[in-house]
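Right, one structure below, let's go through it.
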Amino acid sequence: MAARPSQDAPLQLHTVQTDQPLATVNRLLAALHVALAAAAIAHRGAHVMLAADLVLLFLWALSQAPMWRPVSRAAFPSRLSRPALPAVDVMVVTADPDKEPAAKVMNTVVSAMALDYPGGRFSVYLSDDAGSPRTLLAARKAYALARAWVPFCRKYGVRCPCPDRFFAGDDQLDLGDHHRQELDDDRLRIKNMYETFKEGVEEVMNDATLSQSWTKADHDAHVEIITDEQGQDSSHINSGDGDEDEDAMPLLVYVSREKRRSSTHHFKAGALNVLLRVSSLMSNSPYVMVLDCDMYCNSRSSLLEAMCFHLDGRRRADLAFVQFPQMFHNLSSSDIYANELRSIFWTRWKGLDGLRGPILSGTGFCVRRDAVYGAGPGSSQDQFSGVEVGELKRRFGVSNGHIASLRRSGTGSTIVAAGDVLPQDAELVASCDYETGTEWGEEVGFLYQSVVEDYFTGYRQLYCRGWTSVYCFPATGSRPPFLGSVPTNLNDALVQNKRWMSGLLAVGLSRHCPLASAAAISVPQSMGFAYYAFTPLYAFPLLCYATVPQLCFLRGATSFPEAASTLWFAAVFASSSLQHLVEVSVAKRGLAARTWWNEQRFWALNAVTGQLFACLGVALSLVGAGGRAVDFDLTSKASGDRLYRDGVFDFAGCSALLLPATTLCLLNAAALVGGVWKMVGRGGNVSGTGELFLLCYVAALSYPLLQGMFLRRDPARVPARITAVSVAIVATLLSLFG
């Protein structure tokens, strides 16, 4: 299915370079740390904390595989032959108009339509999993805006294709041969259109009559090729003329799959599989780019950069996808919730790229359609032509149009008109029952066995079949290819992490454990996948280190068997902190102590909240003790961000998810005060020096919790009920062990 590179393009389209100095530093620090950790554990002996230390060492060892060979890449889009570019289907997914404001979603859609790519060779599909009539009306208004915005971007070489960001000040462009007055006139005209668009979308979202007969969980399928509000046809026609192909408007298709309360819908993976089938009836492009609804295009060249890797003749035929980093426009300077995901997108994905490629990351990736369909590397474009129709229908479903698309080669151009696809054909492949008895979600498409469909599909569907990937990280000073939004209150951040951790751990503890697939994807790559699968296990050692030393210190005992072991563990702590500080400073290109501290704090907080509840939920589901299946909790994109930008924790809306953290925080504070009081009473006995340092360190990490419970009076403080329950639990523990 995938298009071949042009034979008359001898220049290399991309370069790759191993960061050997950084690799050497990483390996030396790893050797130092493993030696110190081994010595500390040897001194620990048979102790209650030994299991915690071994889990920490296990997770640390897995985390080193992505640090072994970091690489960087550069793409050269200007060297591409535009007439040889293949077609691409851009898929945008949204699920809830209340949590994902339509204005933001439509900015993502319009920004995708304005990418620097021949308009006759890419299409945009919007999946509305809520089936909201408000989203459909907003999509129609977005298309009307795009008919003016896309030509404006092409005419003036606009750098940022997102209209909201452009009119907010990110307005770099290339005036070229045009007069300034002409630009000013066009800009004012488009800005007025955009303001009208925003007002129209706001009216639609506030129209109560549109919601009276609509339910998110029970609605029919609806597929619509969008036309503008004046009724002009948006037919997508490629006449073979290069200029017309370049100037054409991209196709915009609204897709709402059928949903019934009695049917399993498989969250985002199910929505993407419906988009794969619907798009196969229309454009059937050999490449697919996936975007979350809040991840707008920030650079018009992102698709071209992806093609620099897919079409470079020097690449092996096993390249499945190009992954771009997730970056965010609303990060605060302090980033108290570690929303930047620096460890993933700035550090470890570069290291995995030096192995066989990064983990598929949910949004901002461009993948071969045939790879997602379950083909192996080296497959020819007509790979399904020799398969009997009956077998294809068993695997892919009964749609004749979809089966015909499997036998069609990707030609690199899109030819579809509004009347060419019958509504009943598109709605058939978007129905609830279409996948029944097929291999969708099992061997075909995005896989259903985990709520982290990106991680699991990349691992099982792509890497285990022999595919590879590359990581396209923007060079210093370049525009981020995509920008999304992050949670700006603590509850949303923890809920999001709990969902990720639950899905990852469920994979790690299943028959699909990455460590069991080392023969298929290489040992270092399997270690990289396994690290994220077992990351929730940090909850166990941190829970131990947040209770045992505290109770020991309070009672005048020690959690370290001998004085010498305290020094070894201090050395391990220093080594681990140094490794982390080097990682952060390399990513930030300078000493970044504040980022280091914020990541340390949120790592500890997340371990005893989101990761702990993930472990409990997965454990209950495994033993069949009534634990419900992992839920897909959608993160709100509509919350305010004043406190987050000021670097103040926002505890508003926090539930029992925060309770372990507040309880452990209070226990640590009580043990610190009580233990020091007893130490002074014993004449300054320093047998608990190691515990004293640990308790002071934990107190510093947890100060925002103490502040939120006792020192703040604003509405965003820790809810009083959580504080009261934590005080009661700690009082009970102190009465038993104090």
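We name chains A, B, ... following the order of the structure tokens; residues begin at 1 in each chain, and ligands are numbered from 1 as shown.
All residues of protein, DNA or RNA that reach within 8 Å of segment 426-428 of chain A, judged by only C-alpha atoms and not counting those fewer than 2 positions away in the chain, are Ala221, His222, Val223, Arg257, Val278, Leu281, Ser399, Val421, Leu422, Pro423, Gln424, Ala430, Ser431 and Tyr434 of chain A.
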Those residues you just picked out, can you put them in a file as a compact mmCIF listing (two decimals), in the first residue's frame with N, CA, C and O atoms?
# COMPACT_ATOMS: atom_id res chain seq x y z
N ALA A 221 -25.26 5.85 13.74
CA ALA A 221 -24.07 6.27 12.99
C ALA A 221 -24.45 7.41 12.04
O ALA A 221 -25.56 7.46 11.51
N HIS A 222 -23.50 8.30 11.86
CA HIS A 222 -23.72 9.40 10.91
C HIS A 222 -22.38 9.75 10.28
O HIS A 222 -21.41 10.02 10.98
N VAL A 223 -22.33 9.74 8.94
CA VAL A 223 -21.13 10.10 8.20
C VAL A 223 -21.51 11.17 7.20
O VAL A 223 -22.47 11.01 6.45
N ARG A 257 -19.73 7.27 14.93
CA ARG A 257 -20.11 5.86 14.87
C ARG A 257 -21.33 5.57 15.73
O ARG A 257 -21.64 6.32 16.67
N VAL A 278 -14.13 3.88 7.37
CA VAL A 278 -14.83 4.92 6.62
C VAL A 278 -13.89 5.56 5.60
O VAL A 278 -14.25 5.78 4.43
N LEU A 281 -13.31 3.79 2.28
CA LEU A 281 -14.35 3.91 1.26
C LEU A 281 -14.20 5.20 0.46
O LEU A 281 -14.76 5.31 -0.64
N SER A 399 -18.35 -5.47 4.43
CA SER A 399 -18.52 -4.35 3.51
C SER A 399 -17.78 -4.60 2.20
O SER A 399 -16.54 -4.75 2.19
N VAL A 421 -19.89 7.94 -2.53
CA VAL A 421 -19.98 7.02 -1.40
C VAL A 421 -21.41 7.07 -0.88
O VAL A 421 -21.89 8.11 -0.43
N LEU A 422 -22.11 5.94 -0.94
CA LEU A 422 -23.48 5.89 -0.45
C LEU A 422 -23.48 5.97 1.07
O LEU A 422 -22.66 5.33 1.73
N PRO A 423 -24.40 6.75 1.66
CA PRO A 423 -24.43 6.88 3.12
C PRO A 423 -24.55 5.55 3.83
O PRO A 423 -23.94 5.33 4.87
N GLN A 424 -25.35 4.63 3.24
CA GLN A 424 -25.52 3.35 3.91
C GLN A 424 -24.24 2.53 3.95
O GLN A 424 -24.02 1.75 4.89
N ALA A 430 -19.57 1.86 10.20
CA ALA A 430 -19.53 2.60 11.46
C ALA A 430 -20.56 2.09 12.45
O ALA A 430 -20.79 2.70 13.49
N SER A 431 -21.17 0.95 12.16
CA SER A 431 -22.22 0.42 13.04
C SER A 431 -21.61 -0.38 14.19
O SER A 431 -20.47 -0.83 14.14
N TYR A 434 -20.68 -4.21 13.30
CA TYR A 434 -19.89 -4.52 12.12
C TYR A 434 -18.70 -5.41 12.46
O TYR A 434 -18.34 -6.31 11.69
Nearby residues (only C-alpha atoms) at most 6 Å from segment 309-319 of chain A, same-chain spacing under 5 positions excluded, as number ranges by chain:
A: 5, 13, 377-378, 467-469
Residues just named, written with C-alpha atoms as a short mmCIF file (atom, residue, chain, number, x, y, z; two decimals), in the first residue's frame:
data_model
loop_
_atom_site.label_atom_id
_atom_site.label_comp_id
_atom_site.auth_asym_id
_atom_site.auth_seq_id
_atom_site.Cartn_x
_atom_site.Cartn_y
_atom_site.Cartn_z
CA PRO A 5 10.08 7.27 -3.24
CA LEU A 13 15.79 13.31 2.85
CA PRO A 377 7.26 -5.51 6.67
CA GLY A 378 8.09 -5.74 2.98
CA TRP A 467 8.21 -3.14 12.03
CA THR A 468 10.37 -0.24 13.19
CA SER A 469 9.76 3.48 13.70
#
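Candidate residues A:Gln326, A:Thr438, A:Ser522, A:Ser78 were compared for distance to Tyr463 of chain A, and the nearest is A:Ser522, using only C-alpha atoms.
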Neighbours of segment 17-25 of chain A within 9 Å (only C-alpha atoms; same-chain residues fewer than 4 positions away dropped), as a VMD selection string?
chain A and resid 29 to 30 67 to 74 351 354 586
Can you write out the residues you just picked, keeping N, CA and C atoms, as a PDB file, in the first residue's frame?
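Here's the written file again.pdb:
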ATOM      1  N   LEU A  29      27.368   6.662  34.409  1.00  0.00           N
ATOM      2  CA  LEU A  29      26.504   6.883  35.566  1.00  0.00           C
ATOM      3  C   LEU A  29      25.738   5.609  35.927  1.00  0.00           C
ATOM      4  N   ALA A  30      25.334   4.854  34.912  1.00  0.00           N
ATOM      5  CA  ALA A  30      24.637   3.597  35.179  1.00  0.00           C
ATOM      6  C   ALA A  30      25.560   2.597  35.871  1.00  0.00           C
ATOM      7  N   MET A  67      18.292   4.631  27.607  1.00  0.00           N
ATOM      8  CA  MET A  67      19.360   5.614  27.788  1.00  0.00           C
ATOM      9  C   MET A  67      20.652   5.202  27.098  1.00  0.00           C
ATOM     10  N   TRP A  68      20.670   4.000  26.518  1.00  0.00           N
ATOM     11  CA  TRP A  68      21.923   3.403  26.066  1.00  0.00           C
ATOM     12  C   TRP A  68      22.468   4.051  24.792  1.00  0.00           C
ATOM     13  N   ARG A  69      21.577   4.411  23.856  1.00  0.00           N
ATOM     14  CA  ARG A  69      22.042   4.924  22.559  1.00  0.00           C
ATOM     15  C   ARG A  69      21.102   6.016  22.057  1.00  0.00           C
ATOM     16  N   PRO A  70      21.135   7.206  22.638  1.00  0.00           N
ATOM     17  CA  PRO A  70      20.267   8.293  22.159  1.00  0.00           C
ATOM     18  C   PRO A  70      20.709   8.802  20.797  1.00  0.00           C
ATOM     19  N   VAL A  71      19.747   9.077  19.931  1.00  0.00           N
ATOM     20  CA  VAL A  71      20.058   9.594  18.591  1.00  0.00           C
ATOM     21  C   VAL A  71      19.203  10.827  18.328  1.00  0.00           C
ATOM     22  N   SER A  72      19.608  11.617  17.354  1.00  0.00           N
ATOM     23  CA  SER A  72      18.826  12.764  16.895  1.00  0.00           C
ATOM     24  C   SER A  72      18.733  12.703  15.380  1.00  0.00           C
ATOM     25  N   ARG A  73      17.632  13.219  14.859  1.00  0.00           N
ATOM     26  CA  ARG A  73      17.388  13.154  13.422  1.00  0.00           C
ATOM     27  C   ARG A  73      17.050  14.543  12.881  1.00  0.00           C
ATOM     28  N   ALA A  74      17.285  14.714  11.604  1.00  0.00           N
ATOM     29  CA  ALA A  74      16.920  15.950  10.911  1.00  0.00           C
ATOM     30  C   ALA A  74      16.259  15.589   9.592  1.00  0.00           C
ATOM     31  N   GLY A 351      16.319   7.801  23.080  1.00  0.00           N
ATOM     32  CA  GLY A 351      17.091   6.585  23.294  1.00  0.00           C
ATOM     33  C   GLY A 351      16.466   5.382  22.625  1.00  0.00           C
ATOM     34  N   GLY A 354      17.232   5.066  19.092  1.00  0.00           N
ATOM     35  CA  GLY A 354      18.518   4.449  18.796  1.00  0.00           C
ATOM     36  C   GLY A 354      18.471   2.938  18.805  1.00  0.00           C
ATOM     37  N   VAL A 586      20.433  18.036  30.490  1.00  0.00           N
ATOM     38  CA  VAL A 586      20.707  17.802  29.071  1.00  0.00           C
ATOM     39  C   VAL A 586      19.494  18.173  28.237  1.00  0.00           C
TER      40      VAL A 586
END
So that I can see what lies close to Ala520 of chain A, please list as JSON, numbers by chain the residues with an atom at most 9 Å from it, counting only C-alpha atoms and leaving out residues fewer than 3 positions away in the same chain.
{"A": [463, 464, 465, 466, 516, 517, 523, 526]}
Determine which residues of segment 279-498 of chain A receive a DSSP assignment of alpha helix (DSSP H), computed from the backbone, and state them as a PyMOL selection string.
chain A and resi 279-282+302-310+342+349-353+369-372+389-396+400-407+423-429+453-456+490-498
Residues near Gln461 of chain A, cut-off 9 Å, only C-alpha atoms, skip fewer than 6 positions along chain, as a PyMOL selection string
chain A and resi 371-375+443-447+467
Selection export as a short mmCIF file (atom, residue, chain, number, x, y, z; two decimals), in the first residue's frame, atoms kept: all heavy atoms:
data_model
loop_
_atom_site.label_atom_id
_atom_site.label_comp_id
_atom_site.auth_asym_id
_atom_site.auth_seq_id
_atom_site.Cartn_x
_atom_site.Cartn_y
_atom_site.Cartn_z
N ALA A 371 0.34 -1.45 7.69
CA ALA A 371 0.92 -1.94 8.94
C ALA A 371 -0.15 -2.06 10.02
O ALA A 371 -0.19 -3.03 10.78
CB ALA A 371 2.05 -1.02 9.39
N VAL A 372 -1.04 -1.06 10.09
CA VAL A 372 -2.13 -1.10 11.08
C VAL A 372 -3.11 -2.21 10.74
O VAL A 372 -3.72 -2.81 11.63
CB VAL A 372 -2.84 0.26 11.15
CG1 VAL A 372 -3.96 0.22 12.19
CG2 VAL A 372 -1.85 1.36 11.50
N TYR A 373 -3.27 -2.52 9.45
CA TYR A 373 -4.16 -3.61 9.05
C TYR A 373 -3.61 -4.98 9.43
O TYR A 373 -4.31 -5.98 9.29
CB TYR A 373 -4.38 -3.57 7.54
CG TYR A 373 -5.42 -2.57 7.08
CD1 TYR A 373 -5.58 -2.28 5.72
CD2 TYR A 373 -6.26 -1.92 7.97
CE1 TYR A 373 -6.54 -1.38 5.27
CE2 TYR A 373 -7.21 -1.01 7.54
CZ TYR A 373 -7.35 -0.74 6.19
OH TYR A 373 -8.29 0.14 5.76
N GLY A 374 -2.38 -5.05 9.87
CA GLY A 374 -1.82 -6.34 10.29
C GLY A 374 -0.82 -6.94 9.33
O GLY A 374 -0.40 -8.08 9.52
N ALA A 375 -0.43 -6.20 8.28
CA ALA A 375 0.58 -6.71 7.35
C ALA A 375 1.95 -6.69 7.99
O ALA A 375 2.20 -5.97 8.96
CB ALA A 375 0.58 -5.88 6.07
N GLU A 443 -6.50 -8.68 15.64
CA GLU A 443 -5.36 -8.81 14.73
C GLU A 443 -5.33 -7.70 13.68
O GLU A 443 -4.35 -7.55 12.97
CB GLU A 443 -5.42 -10.18 14.01
CG GLU A 443 -5.33 -11.38 14.94
CD GLU A 443 -3.96 -11.52 15.57
OE1 GLU A 443 -2.98 -11.02 15.00
OE2 GLU A 443 -3.87 -12.15 16.65
N VAL A 444 -6.42 -6.96 13.57
CA VAL A 444 -6.56 -5.91 12.55
C VAL A 444 -6.86 -4.59 13.23
O VAL A 444 -7.68 -4.53 14.16
CB VAL A 444 -7.69 -6.26 11.56
CG1 VAL A 444 -7.95 -5.10 10.61
CG2 VAL A 444 -7.35 -7.52 10.77
N GLY A 445 -6.19 -3.52 12.79
CA GLY A 445 -6.48 -2.19 13.29
C GLY A 445 -5.83 -1.93 14.64
O GLY A 445 -4.91 -2.64 15.08
N PHE A 446 -6.33 -0.90 15.32
CA PHE A 446 -5.85 -0.58 16.67
C PHE A 446 -6.44 -1.60 17.64
O PHE A 446 -7.63 -1.89 17.60
CB PHE A 446 -6.25 0.85 17.04
CG PHE A 446 -5.52 1.88 16.23
CD1 PHE A 446 -6.03 2.31 15.00
CD2 PHE A 446 -4.32 2.42 16.67
CE1 PHE A 446 -5.36 3.26 14.24
CE2 PHE A 446 -3.65 3.37 15.91
CZ PHE A 446 -4.15 3.78 14.69
N LEU A 447 -5.60 -2.12 18.51
CA LEU A 447 -5.97 -3.28 19.32
C LEU A 447 -6.76 -2.87 20.57
O LEU A 447 -6.56 -1.79 21.12
CB LEU A 447 -4.72 -4.06 19.71
CG LEU A 447 -3.84 -4.52 18.53
CD1 LEU A 447 -2.70 -5.40 19.00
CD2 LEU A 447 -4.68 -5.26 17.47
N TRP A 467 8.14 -4.53 12.47
CA TRP A 467 8.21 -3.14 12.03
C TRP A 467 9.14 -2.33 12.93
O TRP A 467 9.42 -2.70 14.06
CB TRP A 467 6.82 -2.50 12.04
CG TRP A 467 5.86 -3.04 11.03
CD1 TRP A 467 4.86 -3.95 11.25
CD2 TRP A 467 5.78 -2.71 9.64
NE1 TRP A 467 4.18 -4.20 10.09
CE2 TRP A 467 4.71 -3.45 9.08
CE3 TRP A 467 6.51 -1.85 8.82
CZ2 TRP A 467 4.36 -3.36 7.74
CZ3 TRP A 467 6.15 -1.75 7.48
CH2 TRP A 467 5.09 -2.49 6.95
#
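Nearest residue to Pro481 of chain A, choosing from A:Thr108, A:Ser283, A:Asn298, A:Thr135 and counting only C-alpha atoms: A:Asn298.
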